[in-house]
file work06.pdb (PDB, C-alpha atoms, pLDDT in the B column)
ATOM      1  CA  MET E   1       0.000   0.000   0.000  1.00 48.00           C
ATOM      2  CA  ARG E   2       2.864   2.384   0.829  1.00 47.00           C
ATOM      3  CA  TYR E   3       4.411   1.724  -2.570  1.00 43.00           C
ATOM      4  CA  LEU E   4       1.138   2.429  -4.292  1.00 41.00           C
ATOM      5  CA  ARG E   5       0.869   5.806  -2.522  1.00 45.00           C
ATOM      6  CA  LEU E   6       4.469   6.609  -3.368  1.00 39.00           C
ATOM      7  CA  LEU E   7       3.894   5.686  -7.006  1.00 39.00           C
ATOM      8  CA  PHE E   8       0.772   7.880  -7.100  1.00 43.00           C
ATOM      9  CA  ILE E   9       2.662  10.867  -5.611  1.00 45.00           C
ATOM     10  CA  ILE E  10       5.536  10.448  -8.076  1.00 47.00           C
ATOM     11  CA  GLY E  11       3.058  10.266 -10.966  1.00 44.00           C
ATOM     12  CA  LEU E  12       1.266  13.376  -9.751  1.00 40.00           C
ATOM     13  CA  LEU E  13       4.510  15.309  -9.397  1.00 43.00           C
ATOM     14  CA  ALA E  14       5.670  14.207 -12.836  1.00 41.00           C
ATOM     15  CA  SER E  15       2.412  15.336 -14.450  1.00 41.00           C
ATOM     16  CA  CYS E  16       2.599  18.708 -12.683  1.00 41.00           C
ATOM     17  CA  ALA E  17       6.208  19.147 -13.742  1.00 40.00           C
ATOM     18  CA  SER E  18       5.346  18.479 -17.377  1.00 39.00           C
ATOM     19  CA  LYS E  19       2.820  21.329 -17.308  1.00 48.00           C
ATOM     20  CA  GLN E  20       5.486  23.832 -16.325  1.00 65.00           C
ATOM     21  CA  GLY E  21       7.146  25.873 -19.022  1.00 81.00           C
ATOM     22  CA  PHE E  22       6.244  26.114 -22.640  1.00 90.00           C
ATOM     23  CA  GLN E  23       6.392  22.354 -23.201  1.00 90.00           C
ATOM     24  CA  GLY E  24       3.222  21.877 -21.143  1.00 91.00           C
ATOM     25  CA  PHE E  25       1.434  24.613 -23.092  1.00 92.00           C
ATOM     26  CA  TYR E  26       2.674  23.130 -26.365  1.00 93.00           C
ATOM     27  CA  ASN E  27       1.471  19.641 -25.429  1.00 92.00           C
ATOM     28  CA  GLU E  28      -1.978  20.963 -24.513  1.00 91.00           C
ATOM     29  CA  HIS E  29      -2.449  22.928 -27.763  1.00 90.00           C
ATOM     30  CA  LYS E  30      -0.557  21.025 -30.460  1.00 90.00           C
ATOM     31  CA  ARG E  31      -3.600  19.014 -31.556  1.00 90.00           C
ATOM     32  CA  SER E  32      -5.992  21.953 -31.686  1.00 88.00           C
ATOM     33  CA  THR E  33      -3.854  24.220 -33.907  1.00 89.00           C
ATOM     34  CA  LYS E  34      -3.372  24.218 -37.666  1.00 89.00           C
ATOM     35  CA  LEU E  35       0.344  23.409 -37.384  1.00 90.00           C
ATOM     36  CA  ALA E  36       2.560  22.249 -34.521  1.00 91.00           C
ATOM     37  CA  LEU E  37       6.232  21.349 -34.836  1.00 91.00           C
ATOM     38  CA  ALA E  38       8.981  20.478 -32.381  1.00 92.00           C
ATOM     39  CA  VAL E  39      12.372  20.136 -34.047  1.00 91.00           C
ATOM     40  CA  PRO E  40      16.034  20.344 -33.099  1.00 91.00           C
ATOM     41  CA  THR E  41      17.623  23.737 -33.747  1.00 87.00           C
ATOM     42  CA  TYR E  42      20.143  22.394 -36.256  1.00 86.00           C
ATOM     43  CA  ILE E  43      17.283  21.425 -38.585  1.00 87.00           C
ATOM     44  CA  VAL E  44      15.762  24.897 -38.260  1.00 84.00           C
ATOM     45  CA  LYS E  45      19.138  26.459 -39.141  1.00 83.00           C
ATOM     46  CA  LEU E  46      19.253  24.389 -42.333  1.00 85.00           C
ATOM     47  CA  ALA E  47      15.747  25.455 -43.326  1.00 83.00           C
ATOM     48  CA  ILE E  48      16.226  29.223 -42.892  1.00 81.00           C
ATOM     49  CA  PRO E  49      16.252  30.994 -46.278  1.00 83.00           C
ATOM     50  CA  LYS E  50      19.584  32.672 -47.059  1.00 82.00           C
ATOM     51  CA  ASP E  51      18.099  36.178 -47.044  1.00 82.00           C
ATOM     52  CA  SER E  52      16.759  35.669 -43.475  1.00 77.00           C
ATOM     53  CA  ARG E  53      19.724  33.897 -41.859  1.00 77.00           C
ATOM     54  CA  LYS E  54      21.457  37.027 -40.578  1.00 79.00           C
ATOM     55  CA  GLU E  55      18.221  38.128 -38.933  1.00 75.00           C
ATOM     56  CA  ILE E  56      17.093  34.806 -37.407  1.00 77.00           C
ATOM     57  CA  ARG E  57      20.255  32.857 -36.499  1.00 77.00           C
ATOM     58  CA  PRO E  58      21.284  35.081 -33.549  1.00 77.00           C
ATOM     59  CA  TYR E  59      18.085  34.035 -31.717  1.00 76.00           C
ATOM     60  CA  LEU E  60      19.095  30.383 -32.060  1.00 80.00           C
ATOM     61  CA  MET E  61      22.471  30.695 -30.280  1.00 80.00           C
ATOM     62  CA  GLY E  62      22.617  28.181 -27.434  1.00 81.00           C
ATOM     63  CA  MET E  63      19.155  26.818 -28.131  1.00 86.00           C
ATOM     64  CA  ARG E  64      18.685  23.103 -28.801  1.00 89.00           C
ATOM     65  CA  LYS E  65      14.986  22.754 -29.651  1.00 91.00           C
ATOM     66  CA  VAL E  66      12.331  24.858 -31.351  1.00 91.00           C
ATOM     67  CA  ARG E  67       8.621  24.422 -30.715  1.00 93.00           C
ATOM     68  CA  PHE E  68       6.287  26.104 -33.176  1.00 91.00           C
ATOM     69  CA  LEU E  69       2.507  26.584 -33.041  1.00 91.00           C
ATOM     70  CA  TYR E  70       0.429  28.235 -35.763  1.00 90.00           C
ATOM     71  CA  ASP E  71      -3.266  28.919 -35.804  1.00 88.00           C
ATOM     72  CA  ALA E  72      -5.153  30.692 -38.574  1.00 83.00           C
ATOM     73  CA  ALA E  73      -7.013  33.918 -37.979  1.00 77.00           C
ATOM     74  CA  ASP E  74     -10.318  32.569 -36.724  1.00 71.00           C
ATOM     75  CA  ASP E  75     -12.777  33.734 -34.071  1.00 57.00           C
ATOM     76  CA  THR E  76     -13.002  30.203 -32.698  1.00 56.00           C
ATOM     77  CA  ALA E  77      -9.216  29.754 -32.374  1.00 65.00           C
ATOM     78  CA  GLN E  78      -8.262  29.422 -28.725  1.00 78.00           C
ATOM     79  CA  LEU E  79      -4.482  29.679 -29.107  1.00 85.00           C
ATOM     80  CA  ASN E  80      -4.197  33.353 -28.081  1.00 83.00           C
ATOM     81  CA  LYS E  81      -6.604  32.970 -25.196  1.00 85.00           C
ATOM     82  CA  GLY E  82      -4.778  29.892 -23.927  1.00 88.00           C
ATOM     83  CA  PHE E  83      -1.411  31.596 -24.351  1.00 90.00           C
ATOM     84  CA  ASP E  84      -2.561  34.626 -22.353  1.00 88.00           C
ATOM     85  CA  GLU E  85      -3.633  32.274 -19.549  1.00 90.00           C
ATOM     86  CA  PHE E  86      -0.261  30.512 -19.792  1.00 92.00           C
ATOM     87  CA  LEU E  87       1.544  33.849 -19.421  1.00 91.00           C
ATOM     88  CA  ASN E  88      -0.369  34.577 -16.214  1.00 90.00           C
ATOM     89  CA  THR E  89       0.893  31.349 -14.633  1.00 90.00           C
ATOM     90  CA  GLN E  90       4.553  31.650 -15.635  1.00 91.00           C
ATOM     91  CA  ASP E  91       7.501  33.598 -14.278  1.00 88.00           C
ATOM     92  CA  LEU E  92       8.600  35.121 -17.583  1.00 91.00           C
ATOM     93  CA  THR E  93      10.442  38.346 -18.303  1.00 88.00           C
ATOM     94  CA  ALA E  94       8.809  40.477 -21.025  1.00 89.00           C
ATOM     95  CA  TYR E  95      11.247  42.016 -23.506  1.00 84.00           C
ATOM     96  CA  ILE E  96       9.269  43.359 -26.456  1.00 83.00           C
ATOM     97  CA  SER E  97       5.666  44.120 -27.195  1.00 87.00           C
ATOM     98  CA  THR E  98       5.254  46.130 -30.358  1.00 86.00           C
ATOM     99  CA  LYS E  99       2.580  46.705 -32.972  1.00 86.00           C
ATOM    100  CA  GLN E 100       3.422  47.248 -36.606  1.00 79.00           C
ATOM    101  CA  ASP E 101       1.449  46.982 -39.856  1.00 79.00           C
ATOM    102  CA  GLY E 102      -1.653  45.602 -38.116  1.00 79.00           C
ATOM    103  CA  GLY E 103       0.282  42.880 -36.332  1.00 84.00           C
ATOM    104  CA  LYS E 104       1.792  42.476 -32.911  1.00 87.00           C
ATOM    105  CA  MET E 105       5.117  40.940 -31.916  1.00 87.00           C
ATOM    106  CA  GLU E 106       6.008  39.962 -28.344  1.00 90.00           C
ATOM    107  CA  ILE E 107       9.073  38.327 -26.789  1.00 89.00           C
ATOM    108  CA  TRP E 108       9.355  36.743 -23.324  1.00 92.00           C
ATOM    109  CA  ALA E 109      12.128  34.785 -21.649  1.00 89.00           C
ATOM    110  CA  LYS E 110      12.367  32.315 -18.817  1.00 90.00           C
ATOM    111  CA  GLN E 111      15.696  33.027 -17.229  1.00 86.00           C
ATOM    112  CA  ASN E 112      17.851  31.785 -14.412  1.00 86.00           C
ATOM    113  CA  ASP E 113      20.609  34.192 -13.354  1.00 84.00           C
ATOM    114  CA  ASN E 114      22.543  34.946 -16.576  1.00 86.00           C
ATOM    115  CA  THR E 115      21.032  32.119 -18.615  1.00 88.00           C
ATOM    116  CA  ILE E 116      17.879  32.072 -20.702  1.00 88.00           C
ATOM    117  CA  ASN E 117      16.252  28.636 -20.764  1.00 89.00           C
ATOM    118  CA  GLU E 118      13.270  29.516 -22.959  1.00 90.00           C
ATOM    119  CA  LEU E 119      12.814  32.371 -25.387  1.00 89.00           C
ATOM    120  CA  ILE E 120       9.183  32.672 -26.457  1.00 92.00           C
ATOM    121  CA  LEU E 121       8.004  34.798 -29.381  1.00 91.00           C
ATOM    122  CA  ARG E 122       4.408  35.477 -30.407  1.00 91.00           C
ATOM    123  CA  PHE E 123       3.428  37.072 -33.697  1.00 89.00           C
ATOM    124  CA  HIS E 124      -0.237  37.910 -34.020  1.00 84.00           C
ATOM    125  CA  GLY E 125      -2.053  39.523 -36.913  1.00 80.00           C
ATOM    126  CA  GLU E 126      -5.780  39.741 -37.446  1.00 73.00           C
ATOM    127  CA  GLU E 127      -5.437  38.515 -41.036  1.00 77.00           C
ATOM    128  CA  ASN E 128      -2.457  36.157 -40.682  1.00 78.00           C
ATOM    129  CA  GLY E 129      -3.347  34.345 -37.484  1.00 85.00           C
ATOM    130  CA  THR E 130      -1.002  33.594 -34.612  1.00 89.00           C
ATOM    131  CA  VAL E 131       2.477  32.105 -34.560  1.00 90.00           C
ATOM    132  CA  ILE E 132       4.116  31.150 -31.263  1.00 92.00           C
ATOM    133  CA  VAL E 133       7.732  30.011 -31.286  1.00 92.00           C
ATOM    134  CA  ALA E 134       9.618  28.754 -28.244  1.00 92.00           C
ATOM    135  CA  LEU E 135      13.367  28.292 -28.314  1.00 89.00           C
ATOM    136  CA  VAL E 136      14.520  25.914 -25.596  1.00 90.00           C
ATOM    137  CA  GLY E 137      18.092  25.497 -24.415  1.00 89.00           C
ATOM    138  CA  LYS E 138      20.675  27.607 -22.639  1.00 88.00           C
ATOM    139  CA  ALA E 139      21.633  30.994 -24.015  1.00 84.00           C
ATOM    140  CA  ASP E 140      23.694  33.751 -22.462  1.00 84.00           C
ATOM    141  CA  LEU E 141      21.384  36.520 -21.191  1.00 82.00           C
ATOM    142  CA  ASN E 142      23.652  39.355 -22.364  1.00 82.00           C
ATOM    143  CA  LYS E 143      23.915  37.958 -25.903  1.00 80.00           C
ATOM    144  CA  VAL E 144      20.163  37.526 -26.204  1.00 78.00           C
ATOM    145  CA  GLN E 145      19.511  41.032 -24.850  1.00 78.00           C
ATOM    146  CA  SER E 146      21.968  42.403 -27.411  1.00 79.00           C
ATOM    147  CA  VAL E 147      20.158  40.612 -30.257  1.00 76.00           C
ATOM    148  CA  ILE E 148      16.787  41.877 -29.004  1.00 74.00           C
ATOM    149  CA  ARG E 149      18.117  45.424 -28.695  1.00 76.00           C
ATOM    150  CA  LYS E 150      19.396  45.331 -32.303  1.00 74.00           C
ATOM    151  CA  SER E 151      16.095  43.886 -33.456  1.00 68.00           C
ATOM    152  CA  ARG E 152      14.226  46.658 -31.663  1.00 66.00           C
ATOM    153  CA  GLU E 153      16.436  49.327 -33.312  1.00 68.00           C
ATOM    154  CA  ASN E 154      15.786  47.848 -36.769  1.00 65.00           C
ATOM    155  CA  THR E 155      12.034  47.666 -36.163  1.00 56.00           C
ATOM    156  CA  PHE E 156      11.572  51.336 -35.364  1.00 48.00           C
TER     157      PHE E 156
END
call {"tool": "encode", "arguments": {"input": "work06.pdb", "output": "structure tokens"}}
result
Amino acid sequence: MRYLRLLFIIGLLASCASKQGFQGFYNEHKRSTKLALAVPTYIVKLAIPKDSRKEIRPYLMGMRKVRFLYDAADDTAQLNKGFDEFLNTQDLTAYISTKQDGGKMEIWAKQNDNTINELILRFHGEENGTVIVALVGKADLNKVQSVIRKSRENTF
């Protein structure tokens, strides 16, 4: 009986742990979106078009996995609503929230001291739908902040 209780507690803790971070959000929403991908970063680097590499590759430094969710612009799509609820339950640092050309771009990070463990980007446009990208790994906080600062300067 004691082993059964212990097994139950371990199972409960494991299920709660899997809900933490973006992976839990991704697992909950991957079946209800139009497109969901989880791929190693090296594959993403190979797929980046040459004209976008200089712009995108700096975000991938130190990251090992990319999780990608896309949902079309649709009143019944729950991705944005679910993501807003996810944000309320997480300890994330907000870096950018900007509107441009009818769309909105936001960047958050889950960090530990001088390391970023997750970098989460959301692009939302009324006509284009929502794209949420999470980069998972270990990146130097100062390098990521530098890339974001440069990105911010180029946006405005």
call {"tool": "resolve_selection", "arguments": {"input": "work06.pdb", "expression": "the PyMOL selection byres ((chain E and resi 79) around 12)", "output": "PyMOL selection string"}}
result
chain E and resi 25-26+28-36+69-78+80-86+122-124+129-132
call {"tool": "residues_near_point", "arguments": {"input": "work06.pdb", "point": "(23.1, 28.9, -19.4)", "cutoff": "9 Å", "atoms": "only C-alpha atoms", "output": "list in words"}}
result
Gly62, Gln111, Asn112, Asp113, Asn114, Thr115, Ile116, Asn117, Gly137, Lys138, Ala139, Asp140 and Leu141 of chain E
call {"tool": "resolve_selection", "arguments": {"input": "work06.pdb", "expression": "the PyMOL selection byres ((chain E and resi 94) around 7)", "output": "list in words"}}
result
Leu92, Thr93, Tyr95, Ile96, Ile107, Trp108 and Ala109 of chain E
call {"tool": "write_last_selection", "arguments": {"input": "work06.pdb", "atoms": "C-alpha atoms", "output": "mmCIF file, in the coordinates of the input"}}
result
data_model
loop_
_atom_site.group_PDB
_atom_site.id
_atom_site.type_symbol
_atom_site.label_atom_id
_atom_site.label_comp_id
_atom_site.auth_asym_id
_atom_site.auth_seq_id
_atom_site.Cartn_x
_atom_site.Cartn_y
_atom_site.Cartn_z
ATOM 1 C CA LEU E 92 8.600 35.121 -17.583
ATOM 2 C CA THR E 93 10.442 38.346 -18.303
ATOM 3 C CA TYR E 95 11.247 42.016 -23.506
ATOM 4 C CA ILE E 96 9.269 43.359 -26.456
ATOM 5 C CA ILE E 107 9.073 38.327 -26.789
ATOM 6 C CA TRP E 108 9.355 36.743 -23.324
ATOM 7 C CA ALA E 109 12.128 34.785 -21.649
#
call {"tool": "closest_residue", "arguments": {"input": "work06.pdb", "among": "E:Ser52, E:Gln145, E:Asn88, E:Gln100", "to": "Glu126 in chain E", "atoms": "only C-alpha atoms"}}
result
E:Gln100
call {"tool": "atom_distance", "arguments": {"input": "work06.pdb", "atom1": "CA of Leu87 in chain E", "atom2": "CA of Lys110 in chain E"}}
result
10.9 Å
call {"tool": "closest_residue", "arguments": {"input": "work06.pdb", "among": "E:Val144, E:Leu135, E:Val44, E:Leu37", "to": "Glu118 in chain E", "atoms": "all atoms listed in the file"}}
result
E:Leu135
call {"tool": "closest_residue", "arguments": {"input": "work06.pdb", "among": "E:Ile48, E:Leu119, E:Gly24, E:Lys104", "to": "Ala134 in chain E", "atoms": "all atoms listed in the file"}}
result
E:Leu119
call {"tool": "atom_distance", "arguments": {"input": "work06.pdb", "atom1": "CA of Ile43 in chain E", "atom2": "CA of Lys99 in chain E"}}
result
29.8 Å
call {"tool": "resolve_selection", "arguments": {"input": "work06.pdb", "expression": "the PyMOL selection byres ((chain E and resi 58) around 10)", "output": "tab-separated table (two decimals) with C-alpha atoms, in the frame of the given file"}}
result
chain	number	residue	atom	x	y	z
E	53	ARG	CA	19.72	33.90	-41.86
E	54	LYS	CA	21.46	37.03	-40.58
E	55	GLU	CA	18.22	38.13	-38.93
E	56	ILE	CA	17.09	34.81	-37.41
E	57	ARG	CA	20.26	32.86	-36.50
E	59	TYR	CA	18.08	34.03	-31.72
E	60	LEU	CA	19.10	30.38	-32.06
E	61	MET	CA	22.47	30.70	-30.28
E	62	GLY	CA	22.62	28.18	-27.43
E	143	LYS	CA	23.92	37.96	-25.90
E	144	VAL	CA	20.16	37.53	-26.20
E	146	SER	CA	21.97	42.40	-27.41
E	147	VAL	CA	20.16	40.61	-30.26
E	148	ILE	CA	16.79	41.88	-29.00
call {"tool": "atom_distance", "arguments": {"input": "work06.pdb", "atom1": "CA of Pro49 in chain E", "atom2": "CA of Asn142 in chain E"}}
result
26.4 Å
call {"tool": "build_atoms", "arguments": {"input": "work06.pdb", "residues": "range 37-65 of chain E", "atoms": "N, CA and C atoms", "output": "tab-separated table (two decimals), in the frame of the given file"}}
result
chain	number	residue	atom	x	y	z
E	37	LEU	N	4.96	22.02	-34.56
E	37	LEU	CA	6.23	21.35	-34.84
E	37	LEU	C	7.15	21.47	-33.63
E	38	ALA	N	7.92	20.44	-33.38
E	38	ALA	CA	8.98	20.48	-32.38
E	38	ALA	C	10.19	19.83	-33.04
E	39	VAL	N	11.21	20.63	-33.31
E	39	VAL	CA	12.37	20.14	-34.05
E	39	VAL	C	13.66	20.63	-33.40
E	40	PRO	N	14.74	19.88	-33.59
E	40	PRO	CA	16.03	20.34	-33.10
E	40	PRO	C	16.46	21.62	-33.84
E	41	THR	N	17.21	22.45	-33.18
E	41	THR	CA	17.62	23.74	-33.75
E	41	THR	C	18.45	23.57	-35.01
E	42	TYR	N	19.30	22.54	-35.07
E	42	TYR	CA	20.14	22.39	-36.26
E	42	TYR	C	19.32	22.20	-37.53
E	43	ILE	N	18.15	21.59	-37.42
E	43	ILE	CA	17.28	21.42	-38.58
E	43	ILE	C	16.68	22.77	-38.98
E	44	VAL	N	16.31	23.57	-37.99
E	44	VAL	CA	15.76	24.90	-38.26
E	44	VAL	C	16.81	25.75	-38.97
E	45	LYS	N	18.06	25.68	-38.51
E	45	LYS	CA	19.14	26.46	-39.14
E	45	LYS	C	19.30	26.10	-40.61
E	46	LEU	N	19.14	24.82	-40.94
E	46	LEU	CA	19.25	24.39	-42.33
E	46	LEU	C	18.10	24.90	-43.19
E	47	ALA	N	16.94	25.07	-42.58
E	47	ALA	CA	15.75	25.46	-43.33
E	47	ALA	C	15.57	26.97	-43.49
E	48	ILE	N	16.37	27.76	-42.80
E	48	ILE	CA	16.23	29.22	-42.89
E	48	ILE	C	16.68	29.70	-44.27
E	49	PRO	N	15.84	30.45	-44.98
E	49	PRO	CA	16.25	30.99	-46.28
E	49	PRO	C	17.48	31.90	-46.12
E	50	LYS	N	18.33	31.92	-47.13
E	50	LYS	CA	19.58	32.67	-47.06
E	50	LYS	C	19.37	34.15	-46.73
E	51	ASP	N	18.32	34.74	-47.28
E	51	ASP	CA	18.10	36.18	-47.04
E	51	ASP	C	17.62	36.47	-45.62
E	52	SER	N	17.24	35.47	-44.85
E	52	SER	CA	16.76	35.67	-43.48
E	52	SER	C	17.75	35.17	-42.42
E	53	ARG	N	18.80	34.51	-42.82
E	53	ARG	CA	19.72	33.90	-41.86
E	53	ARG	C	20.33	34.91	-40.90
E	54	LYS	N	20.80	36.02	-41.41
E	54	LYS	CA	21.46	37.03	-40.58
E	54	LYS	C	20.50	37.55	-39.50
E	55	GLU	N	19.25	37.61	-39.83
E	55	GLU	CA	18.22	38.13	-38.93
E	55	GLU	C	17.78	37.10	-37.88
E	56	ILE	N	17.68	35.83	-38.27
E	56	ILE	CA	17.09	34.81	-37.41
E	56	ILE	C	18.13	34.03	-36.59
E	57	ARG	N	19.27	33.71	-37.17
E	57	ARG	CA	20.26	32.86	-36.50
E	57	ARG	C	20.69	33.35	-35.12
E	58	PRO	N	20.86	34.66	-34.89
E	58	PRO	CA	21.28	35.08	-33.55
E	58	PRO	C	20.34	34.63	-32.44
E	59	TYR	N	19.05	34.49	-32.73
E	59	TYR	CA	18.08	34.03	-31.72
E	59	TYR	C	18.29	32.56	-31.37
E	60	LEU	N	18.93	31.82	-32.25
E	60	LEU	CA	19.10	30.38	-32.06
E	60	LEU	C	20.36	30.01	-31.30
E	61	MET	N	21.22	30.98	-30.99
E	61	MET	CA	22.47	30.70	-30.28
E	61	MET	C	22.19	30.04	-28.93
E	62	GLY	N	22.75	28.88	-28.71
E	62	GLY	CA	22.62	28.18	-27.43
E	62	GLY	C	21.31	27.42	-27.27
E	63	MET	N	20.43	27.51	-28.22
E	63	MET	CA	19.16	26.82	-28.13
E	63	MET	C	19.26	25.46	-28.81
E	64	ARG	N	18.58	24.45	-28.25
E	64	ARG	CA	18.68	23.10	-28.80
E	64	ARG	C	17.39	22.61	-29.45
E	65	LYS	N	16.27	23.21	-29.11
E	65	LYS	CA	14.99	22.75	-29.65
E	65	LYS	C	14.09	23.96	-29.94
